[in-house]
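Everything on this sheet refers to the single structure shown next.
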Number of protein chains: 4
Amino acid sequence: MEFRDHQAIYVQIADYVCEQVLLGQWPADEKIPSVRDLGVLLQVNPNTVMRSYEWLQQRDVIYNKRGIGFFVSPQARAHILEYRREVFLEQELPVVLRNLILYDIPLEELTRRYDACRRDLSPPPQP
Amino acid sequence: MEFRDHQAIYVQIADYVCEQVLLGQWPADEKIPSVRDLGVLLQVNPNTVMRSYEWLQQRDVIYNKRGIGFFVSPQARAHILEYRREVFLEQELPVVLRNLILYDIPLEELTRRYDACRRDLSPPPQP
Amino acid sequence: MEFRDHQAIYVQIADYVCEQVLLGQWPADEKIPSVRDLGVLLQVNPNTVMRSYEWLQQRDVIYNKRGIGFFVSPQARAHILEYRREVFLEQELPVVLRNLILYDIPLEELTRRYDACRRDLSPPPQP
Amino acid sequence: MEFRDHQAIYVQIADYVCEQVLLGQWPADEKIPSVRDLGVLLQVNPNTVMRSYEWLQQRDVIYNKRGIGFFVSPQARAHILEYRREVFLEQELPVVLRNLILYDIPLEELTRRYDACRRDLSPPPQP
DNA sequence: GTGGTCTAGACCACC
DNA sequence: GTGGTCTAGACCACA
């Protein structure tokens with residue numbers, strides 16, 4: 001995983017976790033890597049991972065069993081979709097569309113890239 | 001104008017200026033609002049506005065006549081397109097497309113919003 | 001039994017045992033559930049139950065017969081009252097009272113709930 | 001301000017801020033101390049104060065103006081009451097009442113302390 | 001000046 | 001082993 005430097009690392013880690021859930025890679029009640037392990041894996045400080053996990057926990061994407069670790073919340077998928085879709089559709093997308101038009105990027109270009117991107121993402125398994 | 005709080009205010013102001021240029025509202029060599037005026041108008045520290053103007057000036061979108069004010073640069077349109085299109089297509093769009101797919105937003109929804117947005121922007125109001 | 005997650009599980013187990021004693025459910029010298037049984041019952045690591053029992057043993061609430069199990073200590077009631085009353089009155093209650101007032105909860109509300117709670121506790125069910 | 005050692009410092013700081021708001025000491029839209037200032041004042045690390053402020057910000061008790069500082073949110077009072085009262089009445093109070101009865105503390109003792117506590121807290125000014 | 005992020009390292013409680 | 005908290009200190013962007 002490589003980090004974009006204009007966005008906080010802990011946000012990118014949280015996004016990564018959400019993505020794993022949406023893609024069906026991490027099912028409900030599955031244990032996710034410990035803050036230390038993920039810290040080592042991603043080459044970041046455990047505190048930074050911890051911050052991501054706190055953020056996710058507050059949003060009911062993961063939960064904690066004392067002394068054991070963090071687990072994917074059963075409602076994770078729903079919560080992510082509910083929260084992120086809303087923000088995305090109402091706040092991010094309008095800006096993007098506006099730019100598409102201002103920069104004169106034709107719709108065909110967009111659909112072409114959309115299809116390419118769809119092919120890249122393996123279809124999420126139905127639970 | 002209301003600001004999104006996840007982005008620096010000076011960036012949002014700069015974006016606003018670029019938009020006016022692309023939309024043809026501010027033709028080449030037209031004087032743009034003074035730092036002070038815009039500061040009052042947007043309820044923002046003049047230093048912040050100044051920072052936007054400096055940023056735009058470095059990218060040849062506006063130029064300065066000492067003691068008079070800032071003006072839209074003749075090459076403004078070209079520079080904006082050249083710089084922003086690149087960044088947008090290569091960096092922002094991929095993330096957006098990925099999200100579109102993860103959040104299961106169908107292409108039809110996208111084109112619908114695209115068209116709506118186009119209708120909103122197309123007719124420049126005559127002041 | 002469901003656990004509050006802001007408090008250590010072993011403390012909650014210890015509290016539960018104390019409560020049984022105070023309520024007269026577990027008389028002096030009665031055998032209490034084994035570490036293993038209670039662990040299974042509460043879905044908790046036996047080590048955690050063991051920790052509660054050790055904690056209680058140090059405070060003379062229970063005692064241990066090697067190879068047989070843990071038993072309610074004859075002085076259990078007295079020890080619990082002596083220790084907990086003090087802590088409760090001097091440390092916990094002041095905070096609670098302060099909150100009652102800050103949140104504008106009238107005394108009547110308090111006495112109402114007090115009486116309701118008393119009714120719930122008073123009649124010890126005969127098994 | 002002296003800290004209780006069984007509770008996280010950042011929670012106690014957050015509680016302190018809430019208390020100031022409920023007592024009417026910090027009106028809406030008033031600037032609260034900067035993380036650095038409060039850190040010096042309370043003899044704790046600015047990061048710790050920051051953590052309190054983040055916590056409060058997420059719960060709409062305070063808000064942030066970029067580069068300026070944190071301010072009391074207009075809905076602060078309402079949010080605190082709504083959130084804390086609920087938790088207090090449904091989770092904390094039942095435990096306390098249960099203990100009152102188990103430790104045989106008479107209601108008169110409680111009301112006596114309640115009145116004393118009320119006298120200590122200066123009556124909140126009506127905004 | 002303000003907040004925001006990150007690191008390194010420590011210590012603790014809990015399971 | 002797990003998370004949770006705190007410190008000290010650094011660097012950055014922003015107003």
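Note on naming: chains are A, B, ... as they come in the structure tokens, residues start from 1 per chain, ligands start from 1 in the order shown.
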Which polymer residues have any atom within 12 Å of an atom of Gln58 (chain B), counting only C-alpha atoms (C1' of nucleotides), with same-chain residues fewer than 3 positions away left out, as a ChimeraX atom specification? /B:14,51-55,61-64,73,76,79-80
Can I get the selection written as an mmCIF file, in the first residue's frame, with N, CA, C and O atoms?
data_model
loop_
_atom_site.group_PDB
_atom_site.id
_atom_site.type_symbol
_atom_site.label_atom_id
_atom_site.label_comp_id
_atom_site.auth_asym_id
_atom_site.auth_seq_id
_atom_site.Cartn_x
_atom_site.Cartn_y
_atom_site.Cartn_z
ATOM 1 N N ALA B 14 -9.074 30.072 -4.964
ATOM 2 C CA ALA B 14 -8.381 29.953 -6.248
ATOM 3 C C ALA B 14 -9.234 29.171 -7.241
ATOM 4 O O ALA B 14 -9.360 29.562 -8.412
ATOM 5 N N ARG B 51 -3.069 35.031 -0.489
ATOM 6 C CA ARG B 51 -2.377 33.785 -0.751
ATOM 7 C C ARG B 51 -2.927 33.109 -2.010
ATOM 8 O O ARG B 51 -2.166 32.547 -2.798
ATOM 9 N N SER B 52 -4.223 33.163 -2.198
ATOM 10 C CA SER B 52 -4.825 32.613 -3.419
ATOM 11 C C SER B 52 -4.277 33.334 -4.638
ATOM 12 O O SER B 52 -3.876 32.704 -5.633
ATOM 13 N N TYR B 53 -4.248 34.637 -4.561
ATOM 14 C CA TYR B 53 -3.819 35.434 -5.708
ATOM 15 C C TYR B 53 -2.351 35.162 -6.048
ATOM 16 O O TYR B 53 -1.970 35.067 -7.211
ATOM 17 N N GLU B 54 -1.545 35.034 -5.010
ATOM 18 C CA GLU B 54 -0.122 34.710 -5.262
ATOM 19 C C GLU B 54 -0.006 33.358 -5.958
ATOM 20 O O GLU B 54 0.765 33.183 -6.889
ATOM 21 N N TRP B 55 -0.799 32.423 -5.456
ATOM 22 C CA TRP B 55 -0.772 31.073 -6.014
ATOM 23 C C TRP B 55 -1.155 31.114 -7.492
ATOM 24 O O TRP B 55 -0.515 30.488 -8.340
ATOM 25 N N VAL B 61 -2.180 32.555 -14.087
ATOM 26 C CA VAL B 61 -3.623 32.687 -14.297
ATOM 27 C C VAL B 61 -4.029 34.151 -14.150
ATOM 28 O O VAL B 61 -4.926 34.630 -14.838
ATOM 29 N N ILE B 62 -3.368 34.849 -13.255
ATOM 30 C CA ILE B 62 -3.604 36.290 -13.120
ATOM 31 C C ILE B 62 -2.254 36.993 -13.079
ATOM 32 O O ILE B 62 -1.211 36.362 -12.866
ATOM 33 N N TYR B 63 -2.275 38.281 -13.329
ATOM 34 C CA TYR B 63 -1.042 39.060 -13.183
ATOM 35 C C TYR B 63 -1.356 40.322 -12.412
ATOM 36 O O TYR B 63 -2.516 40.667 -12.199
ATOM 37 N N ASN B 64 -0.316 41.014 -12.009
ATOM 38 C CA ASN B 64 -0.452 42.122 -11.086
ATOM 39 C C ASN B 64 0.079 43.406 -11.701
ATOM 40 O O ASN B 64 1.154 43.413 -12.311
ATOM 41 N N SER B 73 -4.995 36.887 -16.674
ATOM 42 C CA SER B 73 -3.931 36.741 -17.660
ATOM 43 C C SER B 73 -4.502 36.233 -18.994
ATOM 44 O O SER B 73 -5.447 35.428 -19.002
ATOM 45 N N ALA B 76 -4.714 32.602 -19.298
ATOM 46 C CA ALA B 76 -5.306 31.973 -18.113
ATOM 47 C C ALA B 76 -6.004 30.654 -18.459
ATOM 48 O O ALA B 76 -5.713 29.603 -17.873
ATOM 49 N N HIS B 79 -3.658 27.825 -19.351
ATOM 50 C CA HIS B 79 -2.882 27.332 -18.223
ATOM 51 C C HIS B 79 -3.720 26.500 -17.261
ATOM 52 O O HIS B 79 -3.271 25.479 -16.755
ATOM 53 N N ILE B 80 -4.912 26.982 -17.018
ATOM 54 C CA ILE B 80 -5.774 26.234 -16.098
ATOM 55 C C ILE B 80 -6.052 24.843 -16.660
ATOM 56 O O ILE B 80 -5.880 23.832 -15.979
#
Specify as a PyMOL selection string all residues of chain F found within 9 Å of chain A, counting only C-alpha atoms (C1' of nucleotides). chain F and resi 1-3
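Taking C1' of DA13 (chain F) and CA of Asp5 (chain B) as the two end points, the separation is 13.7 Å.
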Spatial neighbours of region 110-113 of chain D, 12 Å, only C-alpha atoms (C1' of nucleotides), chain gap at least 2 places, as a PyMOL selection string: (chain C and resi 89-90+93-98+100-101+106-111+114) or (chain D and resi 96-97+100-101+104-108+115-120)
Any chance you could tabulate, as a tab-separated table, the residues of chain E at most 9 Å from chain A with each one's nearest atom pair and distance in Å to one decimal, using only C-alpha atoms (C1' of nucleotides), in chain and rising number order?
residue	atom	partner	partner_atom	distance
E:DT5	C1'	A:Ala8	CA	7.0
E:DC6	C1'	A:Thr48	CA	7.3
E:DT7	C1'	A:Asn45	CA	6.5
E:DA8	C1'	A:Asn45	CA	8.3
E:DC14	C1'	A:Gly67	CA	5.5
E:DC15	C1'	A:Gly67	CA	4.9
Determine which residues of region 16-119 of chain C receive a DSSP assignment of strand (DSSP E or B), computed from the backbone, and state them as number ranges by chain. C: 31, 62-65, 69-72
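With distances restricted to only C-alpha atoms, A:Gln7 is the closest residue to chain B from A:Phe71, A:Trp26, A:Asp37, A:Gln7.
Residue nearest chain B, chosen from A:Ala78, A:Leu56, A:Leu22, A:Ile13 and counting only C-alpha atoms: A:Leu22.
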Enumerate as a PyMOL selection string all residues of region 9-50 of chain B assigned to alpha helix (DSSP H) by DSSP on the backbone, naming them with the chain letters and numbers the document uses. chain B and resi 9-22+35-42+46-50
Please write the residues from the selection above to a file, keeping C-alpha atoms, as an mmCIF file, in the first residue's frame.
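And here's part04.cif as it stands now:
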data_model
loop_
_atom_site.group_PDB
_atom_site.id
_atom_site.type_symbol
_atom_site.label_atom_id
_atom_site.label_comp_id
_atom_site.auth_asym_id
_atom_site.auth_seq_id
_atom_site.Cartn_x
_atom_site.Cartn_y
_atom_site.Cartn_z
ATOM 1 C CA ILE B 9 -9.851 28.138 2.079
ATOM 2 C CA TYR B 10 -7.234 29.672 -0.171
ATOM 3 C CA VAL B 11 -7.494 26.699 -2.515
ATOM 4 C CA GLN B 12 -11.234 27.066 -2.695
ATOM 5 C CA ILE B 13 -10.894 30.737 -3.530
ATOM 6 C CA ALA B 14 -8.381 29.953 -6.248
ATOM 7 C CA ASP B 15 -10.715 27.311 -7.633
ATOM 8 C CA TYR B 16 -13.495 29.848 -7.682
ATOM 9 C CA VAL B 17 -11.406 32.297 -9.704
ATOM 10 C CA CYS B 18 -10.420 29.566 -12.162
ATOM 11 C CA GLU B 19 -14.025 28.624 -12.559
ATOM 12 C CA GLN B 20 -15.041 32.152 -13.391
ATOM 13 C CA VAL B 21 -12.378 32.239 -16.060
ATOM 14 C CA LEU B 22 -13.324 28.901 -17.584
ATOM 15 C CA VAL B 35 -7.729 41.412 -2.058
ATOM 16 C CA ARG B 36 -9.448 43.596 0.474
ATOM 17 C CA ASP B 37 -12.837 43.617 -1.246
ATOM 18 C CA LEU B 38 -12.905 39.899 -1.747
ATOM 19 C CA GLY B 39 -11.832 39.412 1.839
ATOM 20 C CA VAL B 40 -14.764 41.454 3.072
ATOM 21 C CA LEU B 41 -17.139 39.762 0.660
ATOM 22 C CA LEU B 42 -16.137 36.231 1.653
ATOM 23 C CA PRO B 46 -7.290 39.390 3.394
ATOM 24 C CA ASN B 47 -4.060 37.456 3.872
ATOM 25 C CA THR B 48 -5.909 34.344 2.842
ATOM 26 C CA VAL B 49 -7.178 35.970 -0.326
ATOM 27 C CA MET B 50 -3.709 37.280 -1.000
#
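Our summary of the geometry notes that CA of Leu121 (chain D) is positioned 8.6 Å from CA of Leu23 (chain D).
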By how many Å are CA of Ala28 (chain A) and CA of Val72 (chain A) apart? 5.0 Å
